[in-house]
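The structure file run.txt is reproduced below (compact mmCIF, C-alpha atoms (C1' of nucleotides)).
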# COMPACT_ATOMS: atom_id res chain seq x y z
CA MET I 744 -133.24 -99.21 -97.85
CA MET I 745 -134.43 -95.69 -98.47
CA ASN I 746 -134.50 -96.57 -102.16
CA GLU I 747 -137.05 -99.29 -101.62
CA GLY I 748 -139.14 -96.83 -99.64
CA ILE I 749 -139.25 -94.30 -102.44
CA GLU I 750 -139.77 -97.09 -104.94
CA ARG I 751 -142.84 -98.29 -103.07
CA VAL I 752 -144.25 -94.81 -102.66
CA SER I 753 -143.82 -94.13 -106.35
CA GLN I 754 -145.73 -97.29 -107.15
CA ILE I 755 -148.71 -95.98 -105.20
CA ILE I 756 -148.29 -92.42 -106.49
CA PRO I 757 -146.92 -92.77 -110.02
CA GLN I 758 -146.85 -89.04 -110.78
CA MET I 759 -144.06 -88.64 -108.25
CA PRO I 760 -140.72 -87.55 -109.71
CA ALA I 761 -138.99 -90.51 -108.10
CA VAL I 762 -135.46 -89.88 -109.30
CA GLU I 763 -135.57 -86.29 -108.12
CA ALA I 764 -137.15 -87.20 -104.80
CA ARG I 765 -134.40 -89.70 -104.27
CA LEU I 766 -131.76 -87.07 -104.99
CA CYS I 767 -133.41 -84.79 -102.46
CA ARG I 768 -133.28 -87.45 -99.79
CA LEU I 769 -129.66 -88.14 -100.59
CA MET I 770 -128.76 -84.48 -100.41
CA LEU I 771 -130.54 -84.10 -97.09
CA MET I 772 -128.86 -87.17 -95.68
CA VAL I 773 -125.38 -86.25 -96.79
CA GLY I 774 -125.93 -82.68 -95.72
CA SER I 775 -126.91 -83.55 -92.20
CA SER I 776 -124.23 -86.20 -92.03
CA LEU I 777 -121.64 -83.62 -92.95
CA GLU I 778 -123.11 -81.15 -90.51
CA GLU I 779 -122.82 -83.77 -87.80
CA GLU I 780 -119.21 -84.44 -88.71
CA LEU I 781 -118.45 -80.73 -88.58
CA GLU I 782 -120.12 -80.20 -85.22
CA PHE I 783 -118.24 -83.20 -83.96
CA LYS I 784 -114.94 -81.66 -84.96
CA LEU I 785 -115.94 -78.32 -83.46
CA LYS I 786 -117.18 -79.60 -80.12
CA PRO I 787 -113.74 -79.90 -78.48
CA HIS I 788 -113.26 -76.22 -79.23
CA LYS I 789 -116.65 -75.32 -77.75
CA LEU I 790 -117.84 -73.97 -81.05
CA ASN I 791 -120.91 -74.78 -83.06
CA HIS I 792 -121.41 -74.40 -86.79
CA SER I 793 -122.62 -70.81 -86.69
CA ASP I 794 -119.94 -69.71 -84.25
CA PHE I 795 -117.32 -71.28 -86.47
CA LEU I 796 -118.69 -69.84 -89.66
CA THR I 797 -118.88 -66.38 -88.17
CA LEU I 798 -115.34 -66.61 -86.94
CA MET I 799 -114.11 -67.89 -90.29
CA ILE I 800 -115.82 -65.08 -92.17
CA LEU I 801 -114.03 -62.57 -89.99
CA TYR I 802 -110.78 -64.47 -90.35
CA SER I 803 -111.06 -64.44 -94.11
CA ARG I 804 -111.55 -60.71 -94.23
CA PRO I 805 -108.49 -58.73 -95.26
CA ASP I 806 -109.09 -56.29 -92.41
CA GLY I 807 -110.57 -58.91 -90.08
CA SER I 808 -113.69 -56.89 -89.42
CA SER I 809 -117.36 -56.74 -90.27
CA THR I 810 -120.72 -55.74 -88.81
CA PRO I 811 -123.51 -57.86 -87.34
CA GLY I 812 -125.74 -57.15 -90.30
CA GLU I 813 -123.17 -58.29 -92.79
CA LEU I 814 -122.36 -61.37 -90.75
CA CYS I 815 -126.05 -62.24 -90.63
CA GLU I 816 -126.19 -62.13 -94.38
CA PHE I 817 -123.06 -64.15 -95.04
CA ALA I 818 -123.72 -66.70 -92.34
CA THR I 819 -127.45 -66.77 -93.16
CA GLN I 820 -128.41 -66.20 -89.58
CA GLY I 821 -131.04 -64.06 -87.94
CA ALA I 822 -129.99 -60.90 -86.16
CA THR I 823 -131.03 -62.33 -82.81
CA ASN I 824 -128.80 -65.28 -83.31
CA MET I 825 -125.88 -63.17 -84.41
CA THR I 826 -126.11 -61.17 -81.21
CA ARG I 827 -125.83 -64.37 -79.23
CA ILE I 828 -122.91 -65.63 -81.32
CA THR I 829 -121.12 -62.32 -81.01
CA ASN I 830 -121.66 -62.27 -77.25
CA ALA I 831 -120.13 -65.70 -76.93
CA LEU I 832 -117.10 -64.95 -79.09
CA VAL I 833 -116.48 -61.63 -77.38
CA LYS I 834 -116.60 -63.32 -73.99
CA ARG I 835 -113.90 -65.72 -75.18
CA GLY I 836 -111.75 -62.86 -76.42
CA LEU I 837 -111.77 -64.10 -80.01
CA ILE I 838 -113.45 -60.98 -81.35
CA THR I 839 -114.16 -57.45 -80.20
CA ARG I 840 -117.29 -55.39 -80.48
CA GLY I 841 -117.03 -51.64 -80.90
CA ALA I 842 -119.05 -48.69 -82.10
CA SER I 843 -118.63 -47.45 -85.63
CA ALA I 844 -117.41 -43.87 -85.94
CA GLU I 845 -119.32 -42.92 -89.09
CA ASP I 846 -122.67 -44.53 -88.34
CA ARG I 847 -123.30 -44.90 -84.67
CA ARG I 848 -126.11 -47.38 -85.15
CA ARG I 849 -123.55 -49.77 -86.46
CA VAL I 850 -121.43 -52.12 -84.48
CA LEU I 851 -117.95 -53.01 -85.61
CA ILE I 852 -116.86 -56.55 -85.05
CA ARG I 853 -113.22 -57.44 -85.37
CA ILE I 854 -111.28 -60.64 -84.92
CA THR I 855 -108.52 -60.36 -82.32
CA ALA I 856 -104.96 -61.62 -82.53
CA ALA I 857 -106.02 -64.37 -80.15
CA GLY I 858 -108.91 -65.16 -82.48
CA LYS I 859 -106.57 -65.52 -85.44
CA ARG I 860 -104.23 -67.73 -83.49
CA PHE I 861 -107.19 -69.82 -82.39
CA VAL I 862 -108.28 -70.39 -85.99
CA GLN I 863 -104.77 -71.22 -87.13
CA LYS I 864 -104.48 -73.78 -84.39
CA MET I 865 -107.84 -75.46 -84.75
CA LEU I 866 -108.06 -75.62 -88.53
CA PRO I 867 -105.17 -77.94 -89.52
CA PRO I 868 -106.34 -80.95 -87.46
CA MET I 869 -109.50 -80.94 -89.55
CA PHE I 870 -107.71 -81.29 -92.85
CA PRO I 871 -107.07 -85.04 -92.82
CA ARG I 872 -110.73 -85.83 -92.33
CA VAL I 873 -111.81 -83.37 -94.98
CA SER I 874 -109.35 -84.92 -97.40
CA ALA I 875 -110.49 -88.40 -96.47
CA MET I 876 -114.06 -87.57 -97.42
CA PHE I 877 -112.99 -87.00 -101.00
CA ALA I 878 -110.10 -89.43 -101.09
CA ASP I 879 -111.59 -91.55 -103.87
CA PHE I 880 -112.83 -88.59 -105.90
CA SER I 881 -111.05 -87.92 -109.15
CA ASP I 882 -110.47 -84.34 -110.20
CA ALA I 883 -113.30 -84.72 -112.66
CA ASP I 884 -115.52 -85.99 -109.85
CA LYS I 885 -114.76 -82.92 -107.78
CA ARG I 886 -115.38 -80.56 -110.65
CA ASN I 887 -118.61 -82.34 -111.45
CA LEU I 888 -119.86 -82.33 -107.91
CA SER I 889 -119.03 -78.68 -107.60
CA ARG I 890 -120.84 -77.86 -110.81
CA LEU I 891 -123.93 -79.88 -109.94
CA LEU I 892 -124.17 -78.52 -106.43
CA GLY I 893 -123.77 -75.02 -107.78
CA LYS I 894 -126.58 -75.62 -110.23
CA LEU I 895 -128.80 -77.04 -107.55
CA ALA I 896 -128.03 -74.15 -105.21
CA HIS I 897 -128.97 -71.74 -107.95
CA ASN I 898 -132.26 -73.50 -108.67
CA LEU I 899 -133.10 -73.53 -104.98
CA ASP I 900 -132.49 -69.82 -104.77
CA GLN I 901 -134.85 -69.17 -107.65
CA LEU I 902 -137.43 -71.34 -105.97
CA ASP I 903 -137.49 -69.90 -102.50
CA PRO I 904 -139.42 -66.65 -102.79
CA ASP I 905 -142.53 -68.52 -103.93
CA THR I 906 -145.79 -68.89 -102.11
CA GLN I 907 -147.32 -71.84 -100.34
CA PRO I 908 -146.89 -75.16 -102.14
CA MET Y 44 -118.10 -64.61 -102.20
CA MET Y 45 -117.53 -67.69 -100.14
CA ASN Y 46 -114.93 -68.69 -102.72
CA GLU Y 47 -112.87 -65.60 -102.06
CA GLY Y 48 -113.07 -66.36 -98.35
CA ILE Y 49 -111.68 -69.84 -98.75
CA GLU Y 50 -109.14 -68.57 -101.23
CA ARG Y 51 -107.86 -66.04 -98.72
CA VAL Y 52 -107.73 -68.55 -95.90
CA SER Y 53 -105.82 -71.01 -98.07
CA GLN Y 54 -103.27 -68.31 -98.82
CA ILE Y 55 -102.58 -67.91 -95.13
CA ILE Y 56 -102.74 -71.66 -94.45
CA PRO Y 57 -101.43 -73.33 -97.60
CA GLN Y 58 -101.71 -76.90 -96.32
CA MET Y 59 -105.49 -76.56 -96.42
CA PRO Y 60 -107.26 -78.84 -98.91
CA ALA Y 61 -108.99 -75.86 -100.47
CA VAL Y 62 -110.96 -77.66 -103.16
CA GLU Y 63 -112.34 -80.13 -100.66
CA ALA Y 64 -113.12 -77.46 -98.10
CA ARG Y 65 -115.03 -75.59 -100.75
CA LEU Y 66 -117.03 -78.70 -101.61
CA CYS Y 67 -117.86 -79.12 -97.93
CA ARG Y 68 -119.16 -75.59 -97.70
CA LEU Y 69 -121.20 -76.08 -100.84
CA MET Y 70 -122.69 -79.32 -99.55
CA LEU Y 71 -123.57 -77.69 -96.25
CA MET Y 72 -125.13 -74.71 -97.95
CA VAL Y 73 -127.19 -76.70 -100.40
CA GLY Y 74 -128.17 -79.14 -97.68
CA SER Y 75 -129.51 -76.49 -95.38
CA SER Y 76 -131.11 -74.67 -98.25
CA LEU Y 77 -132.95 -77.82 -99.22
CA GLU Y 78 -133.89 -78.46 -95.63
CA GLU Y 79 -135.33 -74.98 -95.45
CA GLU Y 80 -137.30 -75.54 -98.62
CA LEU Y 81 -138.67 -78.80 -97.24
CA GLU Y 82 -139.69 -77.30 -93.91
CA PHE Y 83 -141.33 -74.50 -95.81
CA LYS Y 84 -143.43 -76.94 -97.77
CA LEU Y 85 -144.29 -78.88 -94.65
CA LYS Y 86 -145.25 -75.93 -92.48
CA PRO Y 87 -148.80 -75.55 -93.85
CA HIS Y 88 -149.40 -79.16 -92.82
CA LYS Y 89 -148.00 -78.55 -89.35
CA LEU Y 90 -145.27 -81.07 -89.89
CA ASN Y 91 -141.55 -80.73 -89.50
CA HIS Y 92 -138.86 -82.76 -91.19
CA SER Y 93 -138.71 -85.54 -88.61
CA ASP Y 94 -142.49 -85.86 -88.40
CA PHE Y 95 -142.68 -86.08 -92.15
CA LEU Y 96 -139.88 -88.57 -92.47
CA THR Y 97 -141.37 -90.78 -89.79
CA LEU Y 98 -144.75 -90.69 -91.47
CA MET Y 99 -143.23 -91.44 -94.87
CA ILE Y 100 -141.30 -94.41 -93.54
CA LEU Y 101 -144.53 -95.85 -92.22
CA TYR Y 102 -146.33 -95.03 -95.44
CA SER Y 103 -143.70 -96.78 -97.49
CA ARG Y 104 -143.96 -99.96 -95.48
CA PRO Y 105 -145.95 -102.73 -97.14
CA ASP Y 106 -147.82 -103.34 -93.90
CA GLY Y 107 -147.72 -99.69 -92.80
CA SER Y 108 -146.22 -100.49 -89.43
CA SER Y 109 -143.00 -100.34 -87.47
CA THR Y 110 -141.67 -99.90 -83.95
CA PRO Y 111 -140.16 -96.87 -82.21
CA GLY Y 112 -136.73 -98.43 -82.21
CA GLU Y 113 -136.80 -99.11 -85.91
CA LEU Y 114 -138.11 -95.65 -86.66
CA CYS Y 115 -135.32 -94.13 -84.59
CA GLU Y 116 -132.80 -95.98 -86.70
CA PHE Y 117 -134.29 -95.15 -90.09
CA ALA Y 118 -135.08 -91.56 -89.28
CA THR Y 119 -131.80 -91.15 -87.36
CA GLN Y 120 -133.54 -89.73 -84.35
CA GLY Y 121 -133.07 -90.22 -80.65
CA ALA Y 122 -135.59 -92.24 -78.70
CA THR Y 123 -136.73 -89.19 -76.78
CA ASN Y 124 -137.51 -87.40 -79.97
CA MET Y 125 -139.29 -90.36 -81.48
CA THR Y 126 -141.58 -90.55 -78.50
CA ARG Y 127 -142.46 -86.90 -78.98
CA ILE Y 128 -143.01 -87.36 -82.73
CA THR Y 129 -145.16 -90.41 -82.15
CA ASN Y 130 -147.24 -88.57 -79.57
CA ALA Y 131 -147.89 -85.75 -81.99
CA LEU Y 132 -148.85 -88.01 -84.88
CA VAL Y 133 -151.07 -90.17 -82.70
CA LYS Y 134 -152.85 -87.08 -81.40
CA ARG Y 135 -153.60 -86.11 -84.99
CA GLY Y 136 -154.94 -89.55 -85.78
CA LEU Y 137 -152.35 -90.20 -88.48
CA ILE Y 138 -150.85 -93.20 -86.72
CA THR Y 139 -151.76 -95.55 -83.90
CA ARG Y 140 -149.68 -96.91 -81.08
CA GLY Y 141 -150.36 -100.40 -79.82
CA ALA Y 142 -148.69 -103.23 -77.95
CA SER Y 143 -146.99 -105.99 -79.92
CA ALA Y 144 -148.42 -109.45 -79.46
CA GLU Y 145 -145.18 -111.44 -79.71
CA ASP Y 146 -142.90 -109.20 -77.68
CA ARG Y 147 -144.87 -107.13 -75.28
CA ARG Y 148 -142.03 -104.74 -74.57
CA ARG Y 149 -142.45 -103.54 -78.09
CA VAL Y 150 -144.78 -100.89 -79.28
CA LEU Y 151 -146.36 -101.25 -82.67
CA ILE Y 152 -146.80 -98.11 -84.63
CA ARG Y 153 -149.11 -98.19 -87.59
CA ILE Y 154 -150.21 -95.60 -90.09
CA THR Y 155 -153.96 -95.14 -90.17
CA ALA Y 156 -156.22 -94.85 -93.19
CA ALA Y 157 -156.45 -91.15 -92.41
CA GLY Y 158 -152.66 -91.02 -92.30
CA LYS Y 159 -152.40 -92.58 -95.73
CA ARG Y 160 -154.97 -90.21 -97.14
CA PHE Y 161 -153.09 -87.33 -95.59
CA VAL Y 162 -149.84 -88.36 -97.28
CA GLN Y 163 -151.55 -88.88 -100.62
CA LYS Y 164 -153.04 -85.44 -100.40
CA MET Y 165 -149.98 -83.52 -99.25
CA LEU Y 166 -147.37 -85.15 -101.46
CA PRO Y 167 -148.43 -84.20 -105.00
CA PRO Y 168 -148.32 -80.41 -104.46
CA MET Y 169 -144.63 -80.82 -103.68
CA PHE Y 170 -143.79 -82.44 -106.98
CA PRO Y 171 -143.57 -79.34 -109.17
CA ARG Y 172 -141.01 -77.73 -106.91
CA VAL Y 173 -138.98 -80.91 -106.61
CA SER Y 174 -138.97 -81.23 -110.38
CA ALA Y 175 -138.04 -77.58 -110.77
CA MET Y 176 -134.94 -78.06 -108.65
CA PHE Y 177 -133.56 -80.47 -111.21
CA ALA Y 178 -135.19 -79.00 -114.27
CA ASP Y 179 -131.90 -78.24 -116.01
CA PHE Y 180 -130.24 -81.50 -115.00
CA SER Y 181 -129.61 -83.97 -117.77
CA ASP Y 182 -130.07 -87.66 -117.04
CA ALA Y 183 -126.32 -87.96 -116.89
CA ASP Y 184 -126.22 -85.10 -114.41
CA LYS Y 185 -128.69 -86.87 -112.17
CA ARG Y 186 -126.84 -90.15 -112.37
CA ASN Y 187 -123.60 -88.39 -111.64
CA LEU Y 188 -124.93 -86.45 -108.70
CA SER Y 189 -126.45 -89.59 -107.29
CA ARG Y 190 -123.21 -91.48 -107.67
CA LEU Y 191 -121.08 -88.74 -106.12
CA LEU Y 192 -123.42 -88.18 -103.22
CA GLY Y 193 -123.52 -91.89 -102.61
CA LYS Y 194 -119.76 -92.03 -102.56
CA LEU Y 195 -119.54 -89.10 -100.21
CA ALA Y 196 -122.16 -90.60 -97.92
CA HIS Y 197 -120.17 -93.79 -97.80
CA ASN Y 198 -116.93 -91.99 -96.96
CA LEU Y 199 -118.66 -90.03 -94.24
CA ASP Y 200 -119.97 -93.24 -92.72
CA GLN Y 201 -116.49 -94.73 -92.65
CA LEU Y 202 -115.23 -91.56 -91.01
CA ASP Y 203 -117.69 -91.13 -88.18
CA PRO Y 204 -116.68 -93.69 -85.58
CA ASP Y 205 -113.27 -92.05 -85.16
CA THR Y 206 -111.95 -90.22 -82.17
CA GLN Y 207 -111.37 -86.54 -81.56
CA PRO Y 208 -109.94 -84.66 -84.54
C1' DA U 93 -137.16 -27.54 -87.70
C1' DC U 94 -139.60 -31.18 -86.64
C1' DA U 95 -142.05 -35.56 -87.38
C1' DT U 96 -141.92 -39.89 -89.58
C1' DT U 97 -139.75 -43.82 -91.40
C1' DT U 98 -136.01 -46.81 -91.90
C1' DT U 99 -132.03 -49.19 -90.30
C1' DA U 100 -129.21 -51.67 -86.92
C1' DC U 101 -129.05 -54.14 -82.97
C1' DT U 102 -130.57 -55.96 -78.52
C1' DT U 103 -133.71 -58.04 -75.07
C1' DC U 104 -136.96 -61.22 -73.72
C1' DA U 105 -139.98 -65.04 -73.93
C1' DT U 106 -140.50 -69.27 -76.11
C1' DC U 107 -139.87 -73.59 -78.58
C1' DA U 108 -137.83 -77.68 -80.83
C1' DG U 109 -134.31 -80.94 -80.35
C1' DT U 110 -130.77 -83.52 -77.51
C1' DG U 111 -128.63 -86.24 -74.01
C1' DA U 112 -128.54 -88.34 -69.58
C1' DA U 113 -130.70 -90.64 -66.02
C1' DA U 114 -134.70 -92.89 -63.89
C1' DT U 115 -138.67 -96.00 -64.43
C1' DA U 116 -141.51 -99.71 -66.03
C1' DT U 117 -142.11 -103.86 -68.24
C1' DG U 118 -141.07 -107.91 -70.62
C1' DA U 119 -137.57 -111.29 -72.48
C1' DT U 120 -133.41 -114.12 -71.91
C1' DT U 121 -129.71 -116.31 -69.67
C1' DT U 122 -127.66 -118.95 -66.08
C1' DA A 406 -135.78 -118.05 -59.47
C1' DA A 407 -132.62 -114.51 -59.94
C1' DA A 408 -129.83 -111.73 -62.53
C1' DT A 409 -129.26 -109.58 -66.81
C1' DC A 410 -130.57 -107.56 -71.02
C1' DA A 411 -133.80 -105.18 -74.24
C1' DT A 412 -137.58 -101.88 -75.44
C1' DA A 413 -139.85 -97.92 -74.66
C1' DT A 414 -141.40 -93.89 -71.99
C1' DT A 415 -140.83 -90.00 -68.84
C1' DT A 416 -138.48 -86.34 -66.68
C1' DC A 417 -135.09 -82.84 -66.49
C1' DA A 418 -131.55 -79.76 -67.67
C1' DC A 419 -129.53 -77.54 -71.53
C1' DT A 420 -128.37 -75.66 -76.13
C1' DG A 421 -129.56 -73.28 -80.14
C1' DA A 422 -132.77 -70.98 -82.97
C1' DT A 423 -136.66 -67.80 -83.59
C1' DG A 424 -140.28 -64.10 -83.35
C1' DA A 425 -142.05 -59.99 -81.24
C1' DA A 426 -141.23 -55.99 -79.18
C1' DG A 427 -138.00 -52.40 -77.67
C1' DT A 428 -134.20 -48.91 -78.17
C1' DA A 429 -131.32 -45.89 -80.42
C1' DA A 430 -129.46 -43.50 -84.32
C1' DA A 431 -129.71 -41.93 -88.91
C1' DA A 432 -132.28 -40.77 -93.19
C1' DT A 433 -136.15 -38.75 -95.23
C1' DG A 434 -140.31 -36.00 -95.89
C1' DT A 435 -142.89 -31.77 -95.08

I need this file expressed as structure tokens, please.
Amino acid sequence: MMNEGIERVSQIIPQMPAVEARLCRLMLMVGSSLEEELEFKLKPHKLNHSDFLTLMILYSRPDGSSTPGELCEFATQGATNMTRITNALVKRGLITRGASAEDRRRVLIRITAAGKRFVQKMLPPMFPRVSAMFADFSDADKRNLSRLLGKLAHNLDQLDPDTQP
Amino acid sequence: MMNEGIERVSQIIPQMPAVEARLCRLMLMVGSSLEEELEFKLKPHKLNHSDFLTLMILYSRPDGSSTPGELCEFATQGATNMTRITNALVKRGLITRGASAEDRRRVLIRITAAGKRFVQKMLPPMFPRVSAMFADFSDADKRNLSRLLGKLAHNLDQLDPDTQP
DNA sequence: ACATTTTACTTCATCAGTGAAATATGATTT
DNA sequence: AAATCATATTTCACTGATGAAGTAAAATGT
């Protein structure tokens, strides 16, 4: 369906890298499909992707803490957005916001005990669906997908800083 | 960096399908990275992803026409959004909106000559970057990625209709 | 020591996308 | 002919993301 579309376009514009374009479309489709699935699983917990990611980053920290700036970087979010996310999570008592002692410009964000419990409770119900997604993947498949996605991610990173296409 | 995060989480919650969770994160990251790259390339043309996709669907049609409902389906957009997209593209003279003769509830959307020229002009400058993304991919790599993404897409489709996680 | 620059966040205004409900119009069924 | 269904648009309220400007603290230059 989408294949015919690309096929027809590439007949009109033969210089098009059709195979690669098709892979892009596929990636975009699967990506947004997965995003949708994730948001769907998060909705009952009143979380969205960025909230969840932020919380998980904190959860995965040995000391359970970070700063807005660091969270922005790891969650690839703007500072503005991170302020909003932090506000929301603080209001729900999942994290705390406090001033740093050394550098008083900095804000220290820390996951609370309630936040940890929340993660431990909400995570396991997701597992079956995550497993189901890859149910028919062999170990080699998984390794391969991981390798190819890693490669693609790397290439995309190299690409980004460029100027106008 | 993200790997350590998942690693640490899976130490606390050992039932987690860690390999699969990692693949999900990778997919999401690459997907949004690619999306970003696409939007970046589209920005100079004052198009966003959905505008572009809609226009490309029309372009790839043998007769260059479709209906809002069909476009919603293929571009996976809500009707509200499609109306907005159509308005914008009509205003720019890239498509036309007209009544269908057979079924007068229907609206016929058709790409204009200007629209086709526009696509033919804006597409080629994207090719080098698309090719660069997959520059170090062997043919087998591409086939494999395509196959694995296809499989994943299929599994995600089977998953979706379910109830709350 | 003081002035400037940089860094770290926050606030505010704005915008794109979404979903639900209301409307209009035309087709189909009974 | 009336009720029902289908297609599309409009309006509205809301969420989430973003950019520009503002504030405060620390680092740096002179």

Checklist entry - Neighbours of DG427 of chain A within 10 Å (all atoms listed in the file; same-chain residues fewer than 4 positions away dropped), as number ranges by chain? => result U: 102-104

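Nearest to Thr126 of chain Y of all the residues Y:Leu199, Y:Tyr102, Y:Pro171, Y:Asp94 is Y:Asp94, based on only C-alpha atoms.
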
Give me, as JSON lines, each residue of chain A that comes within 10 Å of chain Y, together with its shortest interatomic pair and the distance in Å at one decimal, counting all atoms listed in the file, with rows ordered by chain and rising residue number.
{"residue": "A:DA411", "atom": "C1'", "partner": "Y:Arg148", "partner_atom": "CA", "distance": 8.2}
{"residue": "A:DT412", "atom": "C1'", "partner": "Y:Arg148", "partner_atom": "CA", "distance": 5.4}
{"residue": "A:DA413", "atom": "C1'", "partner": "Y:Arg149", "partner_atom": "CA", "distance": 7.1}
{"residue": "A:DT414", "atom": "C1'", "partner": "Y:Thr126", "partner_atom": "CA", "distance": 7.3}
{"residue": "A:DT415", "atom": "C1'", "partner": "Y:Thr123", "partner_atom": "CA", "distance": 9.0}

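Those residues that approach segment 422-424 of chain A to within 9 Å, counting all atoms listed in the file, are Gly821, Thr823 and Asn824 of chain I; DT106, DC107 and DA108 of chain U; same-chain residues fewer than 2 positions away are not listed.
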
Checklist entry - Nearest to chain I: which of Y:Ser76, Y:Thr139, Y:Ser181, Y:Ser108 is it, counting only C-alpha atoms? => result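 Of the candidates, the smallest distance to chain I is held by Y:Ser76.
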
Since the input lacks some atoms of segment 61-81 of chain Y, please model N, CA and C atoms and print them as a compact mmCIF listing (two decimals), keeping the file's coordinate frame.
# COMPACT_ATOMS: atom_id res chain seq x y z
N ALA Y 61 -108.04 -76.94 -100.17
CA ALA Y 61 -108.99 -75.86 -100.47
C ALA Y 61 -110.17 -76.35 -101.29
N VAL Y 62 -109.88 -77.17 -102.30
CA VAL Y 62 -110.96 -77.66 -103.16
C VAL Y 62 -111.98 -78.44 -102.34
N GLU Y 63 -111.47 -79.29 -101.48
CA GLU Y 63 -112.34 -80.13 -100.66
C GLU Y 63 -113.12 -79.29 -99.66
N ALA Y 64 -112.44 -78.33 -99.06
CA ALA Y 64 -113.12 -77.46 -98.10
C ALA Y 64 -114.26 -76.72 -98.78
N ARG Y 65 -114.01 -76.30 -99.99
CA ARG Y 65 -115.03 -75.59 -100.75
C ARG Y 65 -116.23 -76.52 -101.02
N LEU Y 66 -115.94 -77.74 -101.36
CA LEU Y 66 -117.03 -78.70 -101.61
C LEU Y 66 -117.84 -78.92 -100.33
N CYS Y 67 -117.16 -78.97 -99.20
CA CYS Y 67 -117.86 -79.12 -97.93
C CYS Y 67 -118.82 -77.96 -97.72
N ARG Y 68 -118.31 -76.77 -97.87
CA ARG Y 68 -119.16 -75.59 -97.70
C ARG Y 68 -120.36 -75.64 -98.62
N LEU Y 69 -120.11 -76.00 -99.86
CA LEU Y 69 -121.20 -76.08 -100.84
C LEU Y 69 -122.25 -77.09 -100.39
N MET Y 70 -121.78 -78.27 -100.02
CA MET Y 70 -122.69 -79.32 -99.55
C MET Y 70 -123.53 -78.81 -98.38
N LEU Y 71 -122.86 -78.18 -97.43
CA LEU Y 71 -123.57 -77.69 -96.25
C LEU Y 71 -124.60 -76.64 -96.63
N MET Y 72 -124.21 -75.77 -97.54
CA MET Y 72 -125.13 -74.71 -97.95
C MET Y 72 -126.35 -75.28 -98.67
N VAL Y 73 -126.08 -76.13 -99.65
CA VAL Y 73 -127.19 -76.70 -100.40
C VAL Y 73 -128.06 -77.56 -99.49
N GLY Y 74 -127.41 -78.30 -98.61
CA GLY Y 74 -128.17 -79.14 -97.68
C GLY Y 74 -129.12 -78.32 -96.83
N SER Y 75 -128.63 -77.24 -96.26
CA SER Y 75 -129.51 -76.49 -95.38
C SER Y 75 -130.54 -75.71 -96.17
N SER Y 76 -130.16 -75.35 -97.39
CA SER Y 76 -131.11 -74.67 -98.25
C SER Y 76 -132.27 -75.60 -98.60
N LEU Y 77 -131.93 -76.83 -98.88
CA LEU Y 77 -132.95 -77.82 -99.22
C LEU Y 77 -133.82 -78.12 -98.00
N GLU Y 78 -133.17 -78.23 -96.88
CA GLU Y 78 -133.89 -78.46 -95.63
C GLU Y 78 -134.91 -77.35 -95.39
N GLU Y 79 -134.46 -76.15 -95.62
CA GLU Y 79 -135.33 -74.98 -95.45
C GLU Y 79 -136.53 -75.07 -96.38
N GLU Y 80 -136.24 -75.40 -97.63
CA GLU Y 80 -137.30 -75.54 -98.62
C GLU Y 80 -138.31 -76.61 -98.18
N LEU Y 81 -137.79 -77.71 -97.68
CA LEU Y 81 -138.67 -78.80 -97.24
C LEU Y 81 -139.54 -78.34 -96.08
